Each structure stands twice: as C-alpha cells, then as structure tokens.
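I have placed the structure first, in the form of structure tokens, so that the comments after it can refer back to it.
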Amino acid sequence: MSQQRQIILRVREMIVTGAMKAGERVTEIRLAQSLGVSRTPVRHALSILAQEGLLVSAEVGRGFVVRAFSEKDIRDAILLRGILEGTAARLVAEKGLDRDTSQILHACVKRGGAIFTKGVLHPGDGAEWAEINELFHSTLVAAAGNSALAQALALNDRVPFASAGAFFDDEKNSQALAQQYSVLRRAQEQHETLLAGLVNREGARVEALMREHAYAAIENIALFRTPTASAALEIENQFPSIDPGDAEAEPIPSSFLGRA
C-alpha cells in the first residue's frame, strides 16, 4: 500500500474512532507532525477526506474541521446510491455494454476474485477491494452517459462513507475482520452476477441487483460497531421500509468503525 493511501486510511480511522472529535480543527502542520510525515501527502489526504464529507473547511483561517454526522445520514445516502446506481445499471444494460466498459468491468471482477481465493483477508486486501469497487461502480455510472445522474451521485458521495470507494477496517478487531471476508465476498459475487446481467442486457434485473448491492456497504459498517448498535442496524436492514420514527438520529459513537 502506498504511503499516501496509508495516510488517508490512518486519518479516516482517527476521525471515525473519535481520536479526532466532531468540530475539532485539523491543520496540515500538526497532523504531519503527529504522523511523522511531510505536509504534502497530508494536504492531499485532507483534500480527499473533505471530498468524502468527513471534513469541512474551517470558517475562520485555514485548515479543516471534523464534520459531525449520524448513522442515519450514512444509511440514507448509501440506500440512495443504490437507487441511482441501479438506474445507471439499467441504462447500460438497455443500450448494451461497449467494448471499453466491458473490459474494465471484467478486469474488476477478475481482480476481485483473486482476493477471495485465499479464504481470508490479508493486510491490504480490504484497501485493494475498495479500489476495485470504486472502479467498477464509477465505470458503470460513466457508461450510463447521464450527466444529471452522475451529478446527483457526486453530491450524495459527500456524505461520509456513502461512496462506492469508501472503506474502513480496524486491525485490532479480529472478529469483525473475519466476518468482513464474508461480507466482501458476497459483494464480489454480486459484481459477478451484475456483470452477467449487463452482458445479457437484463435491465430490470441489474437495477434490482444494484439496489440490493448497496446493503453490503451497510452490513460492512455494522461489523465495526458495538453489538447493540449492530443488532439494531441488522433489524433495520431486514425491515428497511419501517421507519422507527421521526426522532433525530443520534451522533455515531466513538466506537463506530466502518465503511464500504
């Protein structure tokens, strides 16, 4: 894994674990010193995390501030992504895969399959899967050729952990990491089924599959939460049409670790 990727993952971990608290000011110099790296890769990492929605520009002076976000914000955005990407998949299937798109999607499926032949996730496998997943999804959206849809997705991706390339794990949580293999393996199988549906031009089928595919991201988030919160999220996944109420969502606790 490149140093740049390591820095992004490390800072993301600091935010979602509560080491950096909501509202806390983040500056290049202080963060670079704490990580023992130069300011250039830190500057790039902060820019990426701001695009993901984890950071917002400080109202006064330079730097960023850690954004406050809730579990409901993430869940709603992931489900919306599934709807939008489902539409993109249907559009691509209806008009047929072009050669370049087909080659990229087949390469993504092949790379993803290689990760899971080992039966366990090795260090770096999760980050590689995130890159593959992002390429698969972004290629599909681009192939749809619908600028309004692409813009809507770009806006939605600014919610933390909502984008297809979002990823997080916790090396200290061995139980969750073991379960994560099954979640990501199922997501890989969904990619394989989606690609087959696209090749066969099955518009309605790939649209439904892409909506279902979004739940893999939600399930991955639940792996890195407390048992109580995970159980509650699992119930919501089983009954997604049931609204538990209009009460405002509670902020995510410091024990929250996740993203897909």
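Ordering of the structure tokens sets the chain letters (A, B, ...); residue numbers start at 1 within each chain; ligands are numbered from 1 in the order shown.
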Could you name the residues that touch stretch 102-112 of chain A at 9 Å or less, counting only C-alpha atoms, but leaving out those on the same chain fewer than 6 positions away, as an mmCIF file with N, CA and C atoms, in the first residue's frame?
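Saved to around33.cif:
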```cif
data_model
loop_
_atom_site.group_PDB
_atom_site.id
_atom_site.type_symbol
_atom_site.label_atom_id
_atom_site.label_comp_id
_atom_site.auth_asym_id
_atom_site.auth_seq_id
_atom_site.Cartn_x
_atom_site.Cartn_y
_atom_site.Cartn_z
ATOM 1 N N GLU A 128 -7.467 -2.804 -1.341
ATOM 2 C CA GLU A 128 -7.496 -3.145 -2.766
ATOM 3 C C GLU A 128 -8.933 -3.360 -3.224
ATOM 4 N N TRP A 129 -9.723 -4.033 -2.390
ATOM 5 C CA TRP A 129 -11.126 -4.245 -2.753
ATOM 6 C C TRP A 129 -11.836 -2.909 -2.931
ATOM 7 N N ILE A 132 -11.031 -1.531 -6.280
ATOM 8 C CA ILE A 132 -11.734 -2.294 -7.320
ATOM 9 C C ILE A 132 -13.206 -1.900 -7.349
ATOM 10 N N ASN A 133 -13.807 -1.827 -6.180
ATOM 11 C CA ASN A 133 -15.232 -1.499 -6.071
ATOM 12 C C ASN A 133 -15.521 -0.116 -6.641
ATOM 13 N N LEU A 135 -13.769 1.503 -8.891
ATOM 14 C CA LEU A 135 -13.599 1.474 -10.342
ATOM 15 C C LEU A 135 -14.804 0.818 -11.018
ATOM 16 N N PHE A 136 -15.281 -0.275 -10.441
ATOM 17 C CA PHE A 136 -16.444 -0.977 -11.007
ATOM 18 C C PHE A 136 -17.646 -0.046 -11.062
ATOM 19 N N HIS A 137 -17.922 0.624 -9.951
ATOM 20 C CA HIS A 137 -19.102 1.479 -9.869
ATOM 21 C C HIS A 137 -18.962 2.730 -10.731
ATOM 22 N N THR A 139 -17.120 3.189 -13.356
ATOM 23 C CA THR A 139 -17.147 2.819 -14.773
ATOM 24 C C THR A 139 -18.580 2.610 -15.231
ATOM 25 N N LEU A 140 -19.366 1.970 -14.402
ATOM 26 C CA LEU A 140 -20.769 1.708 -14.735
ATOM 27 C C LEU A 140 -21.557 3.019 -14.847
ATOM 28 N N ARG A 185 -16.937 -10.886 0.212
ATOM 29 C CA ARG A 185 -17.033 -11.988 -0.737
ATOM 30 C C ARG A 185 -18.422 -11.989 -1.400
ATOM 31 N N GLN A 188 -18.497 -9.305 -3.942
ATOM 32 C CA GLN A 188 -17.806 -9.746 -5.147
ATOM 33 C C GLN A 188 -18.719 -10.631 -6.006
ATOM 34 N N GLU A 189 -19.432 -11.529 -5.363
ATOM 35 C CA GLU A 189 -20.366 -12.392 -6.100
ATOM 36 C C GLU A 189 -21.458 -11.565 -6.776
ATOM 37 N N HIS A 191 -21.041 -8.513 -7.877
ATOM 38 C CA HIS A 191 -20.401 -7.929 -9.056
ATOM 39 C C HIS A 191 -20.435 -8.907 -10.230
ATOM 40 N N GLU A 192 -20.147 -10.157 -9.942
ATOM 41 C CA GLU A 192 -20.127 -11.178 -10.991
ATOM 42 C C GLU A 192 -21.515 -11.343 -11.604
ATOM 43 N N LEU A 195 -22.442 -8.215 -13.690
ATOM 44 C CA LEU A 195 -21.769 -8.201 -14.986
ATOM 45 C C LEU A 195 -22.453 -9.150 -15.964
ATOM 46 N N VAL A 199 -24.164 -8.041 -19.521
ATOM 47 C CA VAL A 199 -23.816 -8.689 -20.790
ATOM 48 C C VAL A 199 -25.079 -9.197 -21.493
#
```
| message | Residues within 10 Å of A:Ala45, please, as a ChimeraX atom specification. Count only C-alpha atoms; anything in the same chain fewer than 5 positions from it doesn't count. | response | /A:4-12,28,39-40,50-51
| request: State, in Å with one decimal place, the distance from atom CA of A:Leu80 to atom CA of A:Asp98. | output: 26.2 Å
| request: Just the residues within 12 Å of A:Arg30, please, counting only C-alpha atoms, with nothing from its chain fewer than 6 positions along; format it as a list in words. | output: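 That gives Gly36, Val37, Ser38, Arg39, Val42, Arg43, Gly63 and Phe64 of chain A.
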| message | For the structure I just gave you, how does DSSP split stretch 57-226 of chain A - specifically, which residues are strand (DSSP E)? Reply as a count of residues only. | response | 4
| Near-A:Val141 list (7 Å; only C-alpha atoms; drop same-chain fewer than 3 positions) as a PyMOL selection string | chain A and resi 85+88+137-138+144+150
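The interatomic distance for the pair atom CA of A:Thr27 and atom CA of A:Glu131 works out to 26.8 Å.
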| request: Would you work out the distance separating atom CA of A:Ala214 from atom CA of A:Gly82, expressed in Å to one decimal? | output: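 So the answer is 5.1 Å.
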| Which residue, A:Ala196, A:Leu91, A:Ala187, A:Val16, has the smallest gap to A:Glu71 when you use only C-alpha atoms? |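 The shortest atom-to-atom distance to A:Glu71 comes from A:Val16.
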| query | Given the choices A:Ala216, A:Leu84, A:Ala32, A:Ala130, which gets closest to A:Gln151 if the distance is worked out from only C-alpha atoms? | reply | A:Leu84
| task | Output as a count of residues only all residues of stretch 39-180 of chain A that backbone DSSP marks as helix (DSSP H, G or I). | result | 94
| From the set A:Gly113, A:Gly145, A:Gly119, A:Gly165, which residue has the shortest atom-to-atom contact distance to A:Leu97, counting only C-alpha atoms? |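 Looking at the shortest contact to A:Leu97, the residue is A:Gly145.
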| query | Which one of A:Ser147, A:Asn220, A:Gln179, A:Gln190 sits closest to A:Ala166 if you count only C-alpha atoms? | reply |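 Residue with the minimum atom-to-atom distance to A:Ala166: A:Asn220.
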| For A:Gln3, which residue among A:Val120, A:Ala208, A:Leu35, A:Ile74 is the nearest when counting only C-alpha atoms? |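 Closest candidate: A:Leu35.
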